[in-house]
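Q: Following this message is one structure expressed as structure tokens.
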Amino acid sequence: MATVDDGTLWRRAQEGDETAFGVLFERYAASIHSYCFRRTGNWALAEDLTSVTFLECWRHRSRVRLDADEVLPWLYGVA
């Protein structure tokens, strides 16, 4: 089965598809957590910041238009 690209998943998430957003979370949560840990040096705080990052992305999804190659950079920007 072919992997669905980030842009398609993002468009589905914008329409309220929680499963599509979950795939993006599974795909990028570890990267965002590592980024937050490198910035804070605190494992637990990095976990909290990762959660907040994805929560804010979910809250603002309807206002943000992203192409496939823009999802991860946008996540880093939110983090």
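Identifiers in the structure tokens: chain A, B, ... in order shown; residue index from 1 per chain; ligand index from 1 in order shown.
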Give me, as a PyMOL selection string, all polymer residues having an atom no more than 7 Å from Cys36 in chain A, counting only C-alpha atoms and skipping those fewer than 4 positions away in the same chain.

A: chain A and resi 32+40+46+49

Q: What does the file look like for those residues with C-alpha atoms, as a compact mmCIF listing (two decimals), in the first residue's frame?

A:
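So part.txt came out as:
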```txt
# COMPACT_ATOMS: atom_id res chain seq x y z
CA ILE A 32 9.02 17.21 17.44
CA THR A 40 14.87 22.52 26.79
CA ALA A 46 9.60 18.12 25.86
CA LEU A 49 5.56 20.74 24.52
```

Q: Just want the 12 Å neighbourhood of Glu56 in chain A, counted on only C-alpha atoms, with same-chain residues fewer than 4 positions away dropped. Output as an MDAnalysis selection string.

A: chainID A and resid 49:52 60:64 74:75 77:79

Q: Considering only C-alpha atoms, can you say which of A:Ala13, A:Asp6, A:Ala68, A:His33 comes closest to Glu47 in chain A?

A: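 Ranking A:Ala13, A:Asp6, A:Ala68, A:His33 by distance to Glu47 in chain A, first place goes to A:His33.
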
Q: Excluding Asp67 in chain A and its own-chain neighbours fewer than 4 positions away, which residues fall within 10 Å of it when counting only C-alpha atoms? Please give them as number ranges by chain.

A: A: 5-11, 71

Q: Store the residues of this selection in a file with C-alpha atoms, as a CSV table (one decimal), in the first residue's frame.

A:
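And here's result-v8.csv as it stands now:
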```
chain,number,residue,atom,x,y,z
A,5,ASP,CA,1.5,12.2,1.5
A,6,ASP,CA,1.5,14.8,4.2
A,7,GLY,CA,-0.5,17.3,2.1
A,8,THR,CA,-3.4,14.8,1.6
A,9,LEU,CA,-3.4,13.9,5.3
A,10,TRP,CA,-3.4,17.6,6.2
A,11,ARG,CA,-6.3,18.4,3.9
A,71,VAL,CA,3.8,20.1,7.2
```

Q: Got a sec to tell me which of chain A DSSP assigns to alpha helix (DSSP H), as a count of residues only?

A: 57

Q: To one decimal place in Å, what is the distance between CA of Asn42 in chain A and CA of Ala30 in chain A?

A: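 Going from CA of Asn42 in chain A over to CA of Ala30 in chain A covers 14.7 Å.
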
Q: Between CA of Arg12 in chain A and CA of Arg65 in chain A, what is the distance, to one decimal in Å?

A: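 About the pair CA of Arg12 in chain A and CA of Arg65 in chain A: they are 11.6 Å apart.
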
Q: Between CA of Ser34 in chain A and CA of Glu70 in chain A, measure the distance and give it in Å to one decimal.

A: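 Going from CA of Ser34 in chain A over to CA of Glu70 in chain A, I get 18.8 Å.
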
Q: Can you work out which one of A:Cys57, A:Leu72, A:Ala44, A:Ala29 has the shortest atom-to-atom distance to Gln14 in chain A, counting only C-alpha atoms?

A: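 When distances to Gln14 in chain A are compared using only C-alpha atoms, the smallest one comes from A:Cys57.
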
Q: My list of candidates is A:Leu55, A:Tyr76, A:Thr19, A:Asp69. Which is closest to Tyr35 in chain A when distances are computed with only C-alpha atoms?

A: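 Using only C-alpha atoms, Tyr35 in chain A sits closest to A:Tyr76.
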